[in-house]
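Heads up, target-v5.txt below (compact mmCIF, C-alpha atoms):
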```
# COMPACT_ATOMS: atom_id res chain seq x y z
CA MET A 3 46.72 -62.94 -21.46
CA ALA A 4 48.70 -65.31 -19.22
CA ASP A 5 49.67 -62.64 -16.69
CA GLU A 6 46.17 -61.14 -16.23
CA LEU A 7 45.60 -60.27 -12.62
CA ILE A 8 42.23 -59.47 -11.05
CA ILE A 9 42.24 -58.01 -7.55
CA GLY A 10 38.99 -57.47 -5.69
CA GLY A 11 37.04 -58.01 -8.90
CA VAL A 12 38.97 -55.29 -10.80
CA THR A 13 41.26 -56.20 -13.70
CA MET A 14 44.64 -54.64 -13.00
CA PRO A 15 46.73 -52.83 -15.62
CA ASP A 16 48.96 -55.09 -17.68
CA LEU A 17 51.99 -56.30 -15.77
CA LYS A 18 55.40 -55.61 -17.24
CA LYS A 19 57.04 -58.37 -19.26
CA GLU A 20 58.02 -61.11 -16.81
CA GLY A 21 56.28 -59.01 -14.15
CA LEU A 22 54.52 -61.84 -12.35
CA THR A 23 56.36 -64.51 -10.39
CA ILE A 24 54.17 -67.18 -8.79
CA SER A 25 55.60 -69.18 -5.90
CA LYS A 26 53.90 -72.16 -4.28
CA GLU A 27 55.07 -72.54 -0.69
CA LYS A 28 54.64 -75.86 1.07
CA ILE A 29 53.43 -75.50 4.66
CA TRP A 30 54.71 -78.42 6.73
CA SER A 31 53.19 -79.99 9.85
CA LYS A 32 54.47 -79.04 13.28
CA ASN A 33 56.27 -82.38 13.72
CA THR A 34 58.42 -81.92 10.60
CA GLY A 35 62.15 -82.51 10.93
CA ARG A 36 65.01 -84.90 10.37
CA ALA A 37 65.03 -88.39 11.86
CA ALA A 38 68.17 -89.87 13.44
CA ASN A 39 69.07 -91.47 10.09
CA GLY A 40 68.79 -88.12 8.28
CA ASP A 41 65.50 -88.82 6.50
CA MET A 42 62.96 -86.00 6.38
CA LEU A 43 59.72 -86.65 8.26
CA GLY A 44 56.52 -84.62 8.23
CA ASP A 45 53.41 -83.88 6.28
CA ILE A 46 52.45 -81.06 3.95
CA VAL A 47 49.35 -79.45 5.44
CA ALA A 48 48.81 -76.77 2.77
CA VAL A 49 50.31 -75.13 -0.29
CA LYS A 50 50.06 -71.32 -0.33
CA TYR A 51 50.73 -68.91 -3.19
CA THR A 52 52.95 -65.85 -3.19
CA LEU A 53 52.66 -63.49 -6.16
CA ASP A 54 55.48 -61.02 -6.83
CA CYS A 55 53.94 -58.38 -9.09
CA ALA A 56 55.67 -55.64 -11.06
CA TRP A 57 54.06 -53.12 -13.39
CA PRO A 58 55.70 -50.93 -16.03
CA PRO A 59 55.43 -47.12 -15.94
CA LEU A 60 51.85 -46.18 -15.11
CA SER A 61 49.55 -43.20 -15.14
CA ARG A 62 48.42 -41.71 -11.84
CA GLU A 63 45.00 -43.29 -12.37
CA GLU A 64 46.43 -46.78 -12.95
CA THR A 65 48.69 -46.44 -9.92
CA ALA A 66 45.73 -45.33 -7.81
CA ALA A 67 43.69 -48.34 -8.98
CA ILE A 68 46.43 -50.74 -7.84
CA ASP A 69 46.82 -48.89 -4.53
CA LYS A 70 43.08 -49.07 -3.87
CA ALA A 71 42.98 -52.79 -4.76
CA VAL A 72 45.79 -53.81 -2.38
CA SER A 73 44.84 -51.52 0.53
CA PRO A 74 42.21 -53.68 2.30
CA ALA A 75 43.40 -56.18 4.90
CA PHE A 76 42.35 -59.13 2.71
CA PHE A 77 41.07 -59.35 -0.86
CA ASP A 78 40.39 -61.91 -3.59
CA VAL A 79 42.97 -62.36 -6.35
CA THR A 80 42.29 -64.23 -9.59
CA PHE A 81 45.22 -65.49 -11.67
CA THR A 82 46.32 -68.50 -13.70
CA ASP A 83 47.88 -71.35 -11.72
CA PRO A 84 51.02 -72.56 -13.55
CA GLY A 85 50.55 -76.19 -12.48
CA SER A 86 47.00 -76.65 -13.74
CA ASN A 87 46.93 -73.79 -16.28
CA SER A 88 43.49 -72.94 -14.90
CA THR A 89 42.19 -69.74 -13.35
CA VAL A 90 42.06 -69.74 -9.55
CA THR A 91 40.75 -67.23 -7.03
CA LYS A 92 42.26 -67.12 -3.54
CA LYS A 93 42.21 -64.73 -0.56
CA PHE A 94 45.41 -62.65 -0.24
CA TYR A 95 46.95 -59.77 1.65
CA ALA A 96 49.62 -57.38 0.39
CA GLY A 97 53.15 -56.69 1.51
CA THR A 98 54.40 -53.11 1.33
CA PRO A 99 53.81 -51.67 -2.15
CA ALA A 100 56.54 -49.54 -3.75
CA TYR A 101 55.75 -46.62 -6.05
CA PRO A 102 58.99 -45.27 -7.54
CA VAL A 103 58.53 -41.80 -9.03
CA TYR A 104 60.03 -41.60 -12.51
CA SER A 105 59.63 -37.90 -13.17
CA TYR A 106 57.67 -34.75 -12.53
CA VAL A 107 56.46 -33.17 -15.76
CA GLN A 108 54.80 -29.82 -15.17
CA GLY A 109 54.28 -30.83 -11.54
CA VAL A 110 52.56 -34.13 -12.43
CA LYS A 111 54.10 -37.33 -11.12
CA THR A 112 54.76 -40.20 -13.49
CA TYR A 113 55.43 -43.50 -11.77
CA ALA A 114 58.15 -45.86 -12.97
CA GLY A 115 55.86 -48.71 -12.04
CA VAL A 116 54.53 -50.44 -8.97
CA LYS A 117 55.89 -53.48 -7.16
CA VAL A 118 54.03 -55.45 -4.51
CA THR A 119 54.07 -58.95 -3.09
CA LEU A 120 50.73 -60.65 -2.55
CA ILE A 121 50.65 -63.46 0.04
CA GLN A 122 47.86 -66.00 0.28
CA LYS A 123 45.99 -65.89 3.58
```

In structure tokens, what does this structure look like?
Amino acid sequence: MADELIIGGVTMPDLKKEGLTISKEKIWSKNTGRAANGDMLGDIVAVKYTLDCAWPPLSREETAAIDKAVSPAFFDVTFTDPGSNSTVTKKFYAGTPAYPVYSYVQGVKTYAGVKVTLIQK
């Protein structure tokens, strides 16, 4: 599956359709800027990934698995790089996860999904 996501060695539940957006951010050198003639000067010192993840409605167990995976300060994430179409593993940290509650059926929460942004360290 193209959108398979492994966090901390655990395969996450299937993402919702179009639930993974991969961004590759260029990190520029400190001396980057515009010259007097308007040309851009500087060097790219790194390219870092940002993964915007969204899951469909989940069980409490699936939601708990995602929460546990993104709770440490830093963790490994394995995913498919769109440029090389190969699997890569990088160190990430998580933004603030969101857990919208869809309903309470007989006192049991059902989550409408989970959204979280993962940022490469």

Set the distance at 10 Å and use only C-alpha atoms: which residues neighbour region 95-98 of chain A once local chain neighbours fewer than 4 positions away are removed? I'd like the list as a list in words. Thr52, Leu53, Asp54, Ala71, Val72, Ser73, Pro74, Ala75, Phe76, Phe77, Asp78, Val79, Lys117, Val118, Thr119, Leu120, Ile121, Gln122 and Lys123 of chain A

Could the residues in this selection be written to a file with C-alpha atoms, as a PDB file, in the frame of the given file?
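Output file again26.pdb is given in full below:
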```
ATOM      1  CA  THR A  52      52.950 -65.850  -3.190  1.00  0.00           C
ATOM      2  CA  LEU A  53      52.660 -63.490  -6.160  1.00  0.00           C
ATOM      3  CA  ASP A  54      55.480 -61.020  -6.830  1.00  0.00           C
ATOM      4  CA  ALA A  71      42.980 -52.790  -4.760  1.00  0.00           C
ATOM      5  CA  VAL A  72      45.790 -53.810  -2.380  1.00  0.00           C
ATOM      6  CA  SER A  73      44.840 -51.520   0.530  1.00  0.00           C
ATOM      7  CA  PRO A  74      42.210 -53.680   2.300  1.00  0.00           C
ATOM      8  CA  ALA A  75      43.400 -56.180   4.900  1.00  0.00           C
ATOM      9  CA  PHE A  76      42.350 -59.130   2.710  1.00  0.00           C
ATOM     10  CA  PHE A  77      41.070 -59.350  -0.860  1.00  0.00           C
ATOM     11  CA  ASP A  78      40.390 -61.910  -3.590  1.00  0.00           C
ATOM     12  CA  VAL A  79      42.970 -62.360  -6.350  1.00  0.00           C
ATOM     13  CA  LYS A 117      55.890 -53.480  -7.160  1.00  0.00           C
ATOM     14  CA  VAL A 118      54.030 -55.450  -4.510  1.00  0.00           C
ATOM     15  CA  THR A 119      54.070 -58.950  -3.090  1.00  0.00           C
ATOM     16  CA  LEU A 120      50.730 -60.650  -2.550  1.00  0.00           C
ATOM     17  CA  ILE A 121      50.650 -63.460   0.040  1.00  0.00           C
ATOM     18  CA  GLN A 122      47.860 -66.000   0.280  1.00  0.00           C
ATOM     19  CA  LYS A 123      45.990 -65.890   3.580  1.00  0.00           C
TER      20      LYS A 123
END
```

With distances taken over only C-alpha atoms, which residue among A:Glu6, A:Leu17, A:Val107, A:Asp83 lies nearest Ala56 (chain A)? A:Leu17

Tell me, as a PDB file with C-alpha atoms, in the frame of the given file, which residues lie within 9 Å of Asn33 (chain A), counting all atoms listed in the file; anything in the same chain fewer than 4 positions away does not count.
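Written file, around32.pdb:
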```pdb
ATOM      1  CA  LEU A  43      59.720 -86.650   8.260  1.00  0.00           C
ATOM      2  CA  GLY A  44      56.520 -84.620   8.230  1.00  0.00           C
ATOM      3  CA  ASP A  45      53.410 -83.880   6.280  1.00  0.00           C
TER       4      ASP A  45
END
```

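The interatomic distance for the pair CA of Glu64 (chain A) and CA of Val90 (chain A) works out to 23.6 Å.
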
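The space between CA of Asn87 (chain A) and CA of Val12 (chain A) spans 20.9 Å.
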
Among the residues A:Ser88, A:Ser25, A:Thr80, A:Gln108, the one that comes closest to Val49 (chain A) [using all atoms listed in the file]: A:Ser25

Hey, can I get the axis-aligned box for region 60-67 of chain A? All listed atoms, 5 Å padding on each side, centre and edge lengths in Å to one decimal, as AutoDock Vina command-line options.
```
--center_x 47.8 --center_y -45.0 --center_z -11.5 --size_x 18.2 --size_y 16.6 --size_z 17.3
```

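For the atom pair formed by CA of Ala48 (chain A) and CA of Glu20 (chain A), the distance is 26.7 Å, given to one decimal.
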